[in-house]
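Peer 1: Quick one: structure below, then a few questions.
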Amino acid sequence: MRILVTGAAGFIGSRLSQRLLERGDEVLGYDNVNAYYDPTLKEARLAQLLPKRGFRFVRAGLEDRPALDAAFAGFSPDRVVNLAAQAGVRYSLENPQAYVDSNITGFLNVLEACRHRGVEHLVYASSSSVYGANRKLPFAVEDGVDHPVSMYAATKKANELMAHTYSHLFGLPTTGLRFFTVYGPWGRPDMALFLFTRKILAGEPIDVFNHGRHTRDFTYIDDIVEGVIRTLDRVPGADPAYDALAPSPATSSAPFRVYNIGNHQPVELLRYIEVLEECLGRKAHKHLLPLQPGDVPDTCADVSALMRDTGYSPSTPVEVGVARFVEWYRDYYGSQRRAA
């Protein structure tokens, strides 16, 4: 297939693009390679993709509608995976406008392009953050998600509502994926695992919020990508069991679905740090702090809908995933120092 992947220089987008190319798809990557975190890492991910047969790349933002329309017109994608977004919960407290520009206006541009180009299926990144103030665990796609606690979460919830509108009005098949705390090789430097590794190796203290007592459904990157591919290959139709008198947020009489992709095995942050210490062979100096504004105490994914419809659920334990990350980190930054 011909698949357009937005956010192709990002953590998930670059790994997904590799997997799609390996199975024989043509991929057009689209990314503005912004400086929210170190663009050098994004360029390094791109450097792995650019020589590959079947890969092309456009450097532009989702807010740039003429550039996005031109990309769609030139490539004529069969399917689209929208992973480009302004990421980060805490940054959304500082710069909410960036989230509206990229995650609302940009996503509208993607929907419009898909609608007018007859795209077969749009898969887009939502987030476990949409569960917000919910405390019932595990989080299920059938639960209401009307109490976001960050602007980032609010924009992701808005994406789901916008997608449903286009599925209903124009018959555009859409699938939203609520990712749960993704980690692994080539990960984001603003995420805990990356930050902790760098500081522990440098002998610096690490900031541990909520005194390390909150739990996260840490999900390994390859498990996330497998979930994306499984759902991408399954174009949704109207749910024959949908009941308008008792509506489910996860399905519809329109071609619309929402799934959780999480490891469904929550790990306490202190245990996560302990695993990292074992892999690094060093102890962390912890600076214990209260829960940050916009953060939630616990996450846990109910993946029964994903399992039912695709036969897949993530399963990589943190002991394996963290070890793979540390191996990559030592190799990547070791090779950079050797090159310097």
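Letters A, B, ... go to the chains of the structure tokens in the order shown; residues in each chain start at 1; ligands are counted from 1 in the same order.
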Skipping near chain neighbours, those fewer than 2 positions away, what residues fall within 8 Å of segment 212-222 of chain A using only C-alpha atoms, listed as a ChimeraX atom specification?

Peer 2: /A:12,15,180-185,208-210,224-226,261-270,288,297-301,314,316,318,321

Peer 1: Residues of the last selection are to be written out with C-alpha atoms, as a PDB file, in the first residue's frame.

Peer 2:
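selection_8.pdb, written as the output of this step:
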ATOM      1  CA  ILE A  12       6.825   6.082  16.942  1.00  0.00           C
ATOM      2  CA  ARG A  15       9.839   2.919  13.784  1.00  0.00           C
ATOM      3  CA  PHE A 180       0.096   4.328  27.056  1.00  0.00           C
ATOM      4  CA  THR A 181       3.573   5.640  28.095  1.00  0.00           C
ATOM      5  CA  VAL A 182       5.704   4.514  25.158  1.00  0.00           C
ATOM      6  CA  TYR A 183       9.405   3.797  25.743  1.00  0.00           C
ATOM      7  CA  GLY A 184      12.323   2.055  24.052  1.00  0.00           C
ATOM      8  CA  PRO A 185      15.298   2.624  21.713  1.00  0.00           C
ATOM      9  CA  VAL A 208      10.963  11.626  40.965  1.00  0.00           C
ATOM     10  CA  PHE A 209       7.419  12.990  41.018  1.00  0.00           C
ATOM     11  CA  ASN A 210       4.700  11.759  43.373  1.00  0.00           C
ATOM     12  CA  ILE A 224       2.962  -0.011  19.981  1.00  0.00           C
ATOM     13  CA  VAL A 225       3.995  -0.280  16.330  1.00  0.00           C
ATOM     14  CA  GLU A 226       2.552  -3.779  16.018  1.00  0.00           C
ATOM     15  CA  ILE A 261      -2.645   0.179  23.158  1.00  0.00           C
ATOM     16  CA  GLY A 262      -0.953  -0.508  26.473  1.00  0.00           C
ATOM     17  CA  ASN A 263       0.972  -3.274  28.188  1.00  0.00           C
ATOM     18  CA  HIS A 264      -1.907  -3.804  30.692  1.00  0.00           C
ATOM     19  CA  GLN A 265       0.703  -4.523  33.401  1.00  0.00           C
ATOM     20  CA  PRO A 266       1.201  -1.262  35.361  1.00  0.00           C
ATOM     21  CA  VAL A 267       4.579  -0.750  37.026  1.00  0.00           C
ATOM     22  CA  GLU A 268       5.285   1.595  39.929  1.00  0.00           C
ATOM     23  CA  LEU A 269       7.751   4.320  39.008  1.00  0.00           C
ATOM     24  CA  LEU A 270      10.147   3.264  41.787  1.00  0.00           C
ATOM     25  CA  LEU A 288      11.449  13.133  45.608  1.00  0.00           C
ATOM     26  CA  PRO A 297      -1.635   9.151  39.570  1.00  0.00           C
ATOM     27  CA  ASP A 298      -2.065   5.849  37.723  1.00  0.00           C
ATOM     28  CA  THR A 299      -2.693   4.406  34.270  1.00  0.00           C
ATOM     29  CA  CYS A 300      -3.664   0.912  33.187  1.00  0.00           C
ATOM     30  CA  ALA A 301      -5.009  -0.129  29.798  1.00  0.00           C
ATOM     31  CA  PRO A 314       1.264  -5.868  23.956  1.00  0.00           C
ATOM     32  CA  THR A 316       7.011  -6.925  26.479  1.00  0.00           C
ATOM     33  CA  VAL A 318       9.837  -3.608  31.394  1.00  0.00           C
ATOM     34  CA  GLY A 321      12.342  -3.195  27.212  1.00  0.00           C
TER      35      GLY A 321
END

Peer 1: Pick out the residues sitting within 7 Å of segment 118-134 of chain A, and hand them over as a VMD selection string; count only C-alpha atoms, and ignore anything fewer than 2 positions along from it in its own chain.

Peer 2: chain A and resid 77 to 83 114 to 116 136 145 147 to 149 153 to 154 156 to 157 172 to 180 232 235 296

Peer 1: May I ask for the distance between atom CA of Lys286 of chain A and atom CA of Leu193 of chain A, given in Å to one decimal place?

Peer 2: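 Atom-to-atom, atom CA of Lys286 of chain A and atom CA of Leu193 of chain A are spaced 13.8 Å apart.
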
Peer 1: Which residue is closest to Leu276 of chain A? Choose from A:Val141, A:Ala85, A:Ala192, A:Leu289 and count only C-alpha atoms.

Peer 2: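 That would be A:Ala192, the residue with the smallest distance to Leu276 of chain A.
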
Peer 1: Let me make sure I understand: among A:Leu111, A:Ala254, A:Leu306, A:Leu195, which one has the smallest atom-to-atom distance to Arg65 of chain A if we use only C-alpha atoms?

Peer 2: A:Leu111

Peer 1: Identify, with DSSP run on backbone atoms, the residues in segment 118-328 of chain A assigned to alpha helix (DSSP H), and express the list as an mmCIF file with C-alpha atoms, in the first residue's frame.

Peer 2:
data_model
loop_
_atom_site.group_PDB
_atom_site.id
_atom_site.type_symbol
_atom_site.label_atom_id
_atom_site.label_comp_id
_atom_site.auth_asym_id
_atom_site.auth_seq_id
_atom_site.Cartn_x
_atom_site.Cartn_y
_atom_site.Cartn_z
ATOM 1 C CA MET A 151 -4.531 20.953 27.457
ATOM 2 C CA TYR A 152 -2.643 18.136 25.715
ATOM 3 C CA ALA A 153 -5.305 15.648 26.832
ATOM 4 C CA ALA A 154 -8.098 18.019 25.784
ATOM 5 C CA THR A 155 -6.698 18.271 22.250
ATOM 6 C CA LYS A 156 -6.441 14.486 21.973
ATOM 7 C CA LYS A 157 -10.054 14.079 23.101
ATOM 8 C CA ALA A 158 -10.979 16.743 20.539
ATOM 9 C CA ASN A 159 -9.228 14.703 17.831
ATOM 10 C CA GLU A 160 -11.454 11.736 18.608
ATOM 11 C CA LEU A 161 -14.570 13.917 18.377
ATOM 12 C CA MET A 162 -13.399 15.486 15.116
ATOM 13 C CA ALA A 163 -12.612 12.071 13.630
ATOM 14 C CA HIS A 164 -16.066 10.776 14.526
ATOM 15 C CA THR A 165 -17.655 13.789 12.851
ATOM 16 C CA TYR A 166 -15.824 13.050 9.596
ATOM 17 C CA SER A 167 -16.618 9.347 9.834
ATOM 18 C CA HIS A 168 -20.293 10.212 10.309
ATOM 19 C CA LEU A 169 -20.619 13.003 7.732
ATOM 20 C CA PHE A 170 -18.315 11.760 4.994
ATOM 21 C CA ALA A 192 11.409 9.816 32.053
ATOM 22 C CA LEU A 193 13.509 6.863 30.883
ATOM 23 C CA PHE A 194 15.756 9.047 28.718
ATOM 24 C CA LEU A 195 16.088 11.749 31.376
ATOM 25 C CA PHE A 196 16.821 9.259 34.151
ATOM 26 C CA THR A 197 19.444 7.403 32.110
ATOM 27 C CA ARG A 198 21.323 10.560 31.176
ATOM 28 C CA LYS A 199 21.360 11.902 34.731
ATOM 29 C CA ILE A 200 22.243 8.619 36.435
ATOM 30 C CA LEU A 201 25.200 8.126 34.098
ATOM 31 C CA ALA A 202 26.283 11.725 34.768
ATOM 32 C CA ILE A 221 7.841 0.742 21.183
ATOM 33 C CA ASP A 222 7.671 -2.428 19.063
ATOM 34 C CA ASP A 223 4.427 -3.423 20.793
ATOM 35 C CA ILE A 224 2.962 -0.011 19.981
ATOM 36 C CA VAL A 225 3.995 -0.280 16.330
ATOM 37 C CA GLU A 226 2.552 -3.779 16.018
ATOM 38 C CA GLY A 227 -0.733 -2.434 17.390
ATOM 39 C CA VAL A 228 -0.704 0.422 14.866
ATOM 40 C CA ILE A 229 -0.145 -1.979 11.968
ATOM 41 C CA ARG A 230 -2.830 -4.408 13.144
ATOM 42 C CA THR A 231 -5.394 -1.615 13.321
ATOM 43 C CA LEU A 232 -4.202 0.051 10.093
ATOM 44 C CA LEU A 269 7.751 4.320 39.008
ATOM 45 C CA LEU A 270 10.147 3.264 41.787
ATOM 46 C CA ARG A 271 10.263 -0.255 40.299
ATOM 47 C CA TYR A 272 10.886 1.204 36.833
ATOM 48 C CA ILE A 273 13.850 3.148 38.257
ATOM 49 C CA GLU A 274 15.082 0.003 40.011
ATOM 50 C CA VAL A 275 15.103 -1.907 36.708
ATOM 51 C CA LEU A 276 17.005 0.956 35.086
ATOM 52 C CA GLU A 277 19.573 0.949 37.912
ATOM 53 C CA GLU A 278 20.122 -2.791 37.415
ATOM 54 C CA CYS A 279 20.654 -2.311 33.666
ATOM 55 C CA LEU A 280 23.047 0.620 34.161
ATOM 56 C CA SER A 304 -9.843 -6.308 25.436
ATOM 57 C CA ALA A 305 -11.280 -4.375 22.464
ATOM 58 C CA LEU A 306 -7.916 -4.433 20.666
ATOM 59 C CA MET A 307 -7.532 -8.130 21.401
ATOM 60 C CA ARG A 308 -11.075 -8.900 20.257
ATOM 61 C CA ASP A 309 -10.760 -7.085 16.934
ATOM 62 C CA THR A 310 -7.105 -7.709 16.002
ATOM 63 C CA VAL A 318 9.837 -3.608 31.394
ATOM 64 C CA GLU A 319 12.853 -5.732 32.340
ATOM 65 C CA VAL A 320 13.307 -6.577 28.640
ATOM 66 C CA GLY A 321 12.342 -3.195 27.212
ATOM 67 C CA VAL A 322 14.498 -1.099 29.540
ATOM 68 C CA ALA A 323 17.518 -3.338 28.881
ATOM 69 C CA ARG A 324 17.079 -2.815 25.128
ATOM 70 C CA PHE A 325 16.842 0.933 25.633
ATOM 71 C CA VAL A 326 20.021 1.046 27.731
ATOM 72 C CA GLU A 327 21.879 -1.012 25.119
ATOM 73 C CA TRP A 328 20.766 1.410 22.408
#

Peer 1: For Ser248 of chain A, list every protein, DNA or RNA residue within 10 Å, evaluated using only C-alpha atoms, and leave out those in the same chain fewer than 6 positions away; present the list as a PyMOL selection string.

Peer 2: chain A and resi 141-144+242

Peer 1: Any chance you can output those residues with N, CA and C atoms as a compact mmCIF listing (two decimals), in the first residue's frame?

Peer 2:
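Saved to selection_13.txt:
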# COMPACT_ATOMS: atom_id res chain seq x y z
N VAL A 141 -11.99 1.64 26.81
CA VAL A 141 -12.45 2.55 25.75
C VAL A 141 -13.94 2.84 25.86
N GLU A 142 -14.65 2.00 26.60
CA GLU A 142 -16.08 2.23 26.80
C GLU A 142 -16.36 3.29 27.87
N ASP A 143 -15.32 3.68 28.64
CA ASP A 143 -15.48 4.68 29.70
C ASP A 143 -15.65 6.08 29.11
N GLY A 144 -16.40 6.92 29.81
CA GLY A 144 -16.45 8.32 29.42
C GLY A 144 -15.12 9.01 29.72
N TYR A 242 -24.01 -1.36 17.65
CA TYR A 242 -24.08 -0.02 18.25
C TYR A 242 -25.52 0.33 18.60

Peer 1: Go through A:Leu41, A:Ala47, A:Ala8, A:Leu93 one by one, measure the shortest atom-to-atom distance of each to Gly187 of chain A using only C-alpha atoms, and give the residue with the smallest value.

Peer 2: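 Selected residue with least distance to Gly187 of chain A: A:Leu41.
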
Peer 1: Just the residues within 9 Å of Gln18 of chain A, please, counting only C-alpha atoms, with nothing from its chain fewer than 6 positions along; format it as a list in words.

Peer 2: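 Here the answer would be Gln48, Leu49 and Lys52 of chain A.
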
Peer 1: Produce a file of the selected residues containing N, CA, C and O atoms, as a PDB file, in the first residue's frame.

Peer 2:
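Okay, this is what ended up in selection-v1.pdb:
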ATOM      1  N   GLN A  48      18.212   7.057   8.885  1.00  0.00           N
ATOM      2  CA  GLN A  48      18.031   5.615   8.699  1.00  0.00           C
ATOM      3  C   GLN A  48      16.982   5.310   7.639  1.00  0.00           C
ATOM      4  O   GLN A  48      17.035   4.271   6.979  1.00  0.00           O
ATOM      5  N   LEU A  49      16.020   6.210   7.480  1.00  0.00           N
ATOM      6  CA  LEU A  49      14.903   5.964   6.569  1.00  0.00           C
ATOM      7  C   LEU A  49      15.172   6.430   5.138  1.00  0.00           C
ATOM      8  O   LEU A  49      14.748   5.780   4.178  1.00  0.00           O
ATOM      9  N   LYS A  52      16.246   4.174   2.221  1.00  0.00           N
ATOM     10  CA  LYS A  52      15.477   2.951   1.990  1.00  0.00           C
ATOM     11  C   LYS A  52      14.585   3.078   0.765  1.00  0.00           C
ATOM     12  O   LYS A  52      13.962   4.110   0.530  1.00  0.00           O
TER      13      LYS A  52
END

Peer 1: Which of segment 43-251 of chain A end up as strand (DSSP E or B) when DSSP is run on this backbone - answer as a PyMOL selection string?

Peer 2: chain A and resi 55-59+79-82+121-127+139+174-179+182-183+206-209+215-216+219-220

Peer 1: Can you measure atom CA of Ile104 of chain A to atom CA of Ser92 of chain A for me? One decimal in Å is fine.

Peer 2: 13.4 Å

Peer 1: Just the number, please: distance in Å from atom CA of Ala113 of chain A to atom CA of Leu50 of chain A, one decimal.

Peer 2: 24.4 Å

Peer 1: Quick one: of A:Trp186, A:Gly281, A:Arg19, A:Asn103, who's nearest to Ala44 of chain A, counting only C-alpha atoms?

Peer 2: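 For Ala44 of chain A, the nearest of the candidates is A:Trp186.
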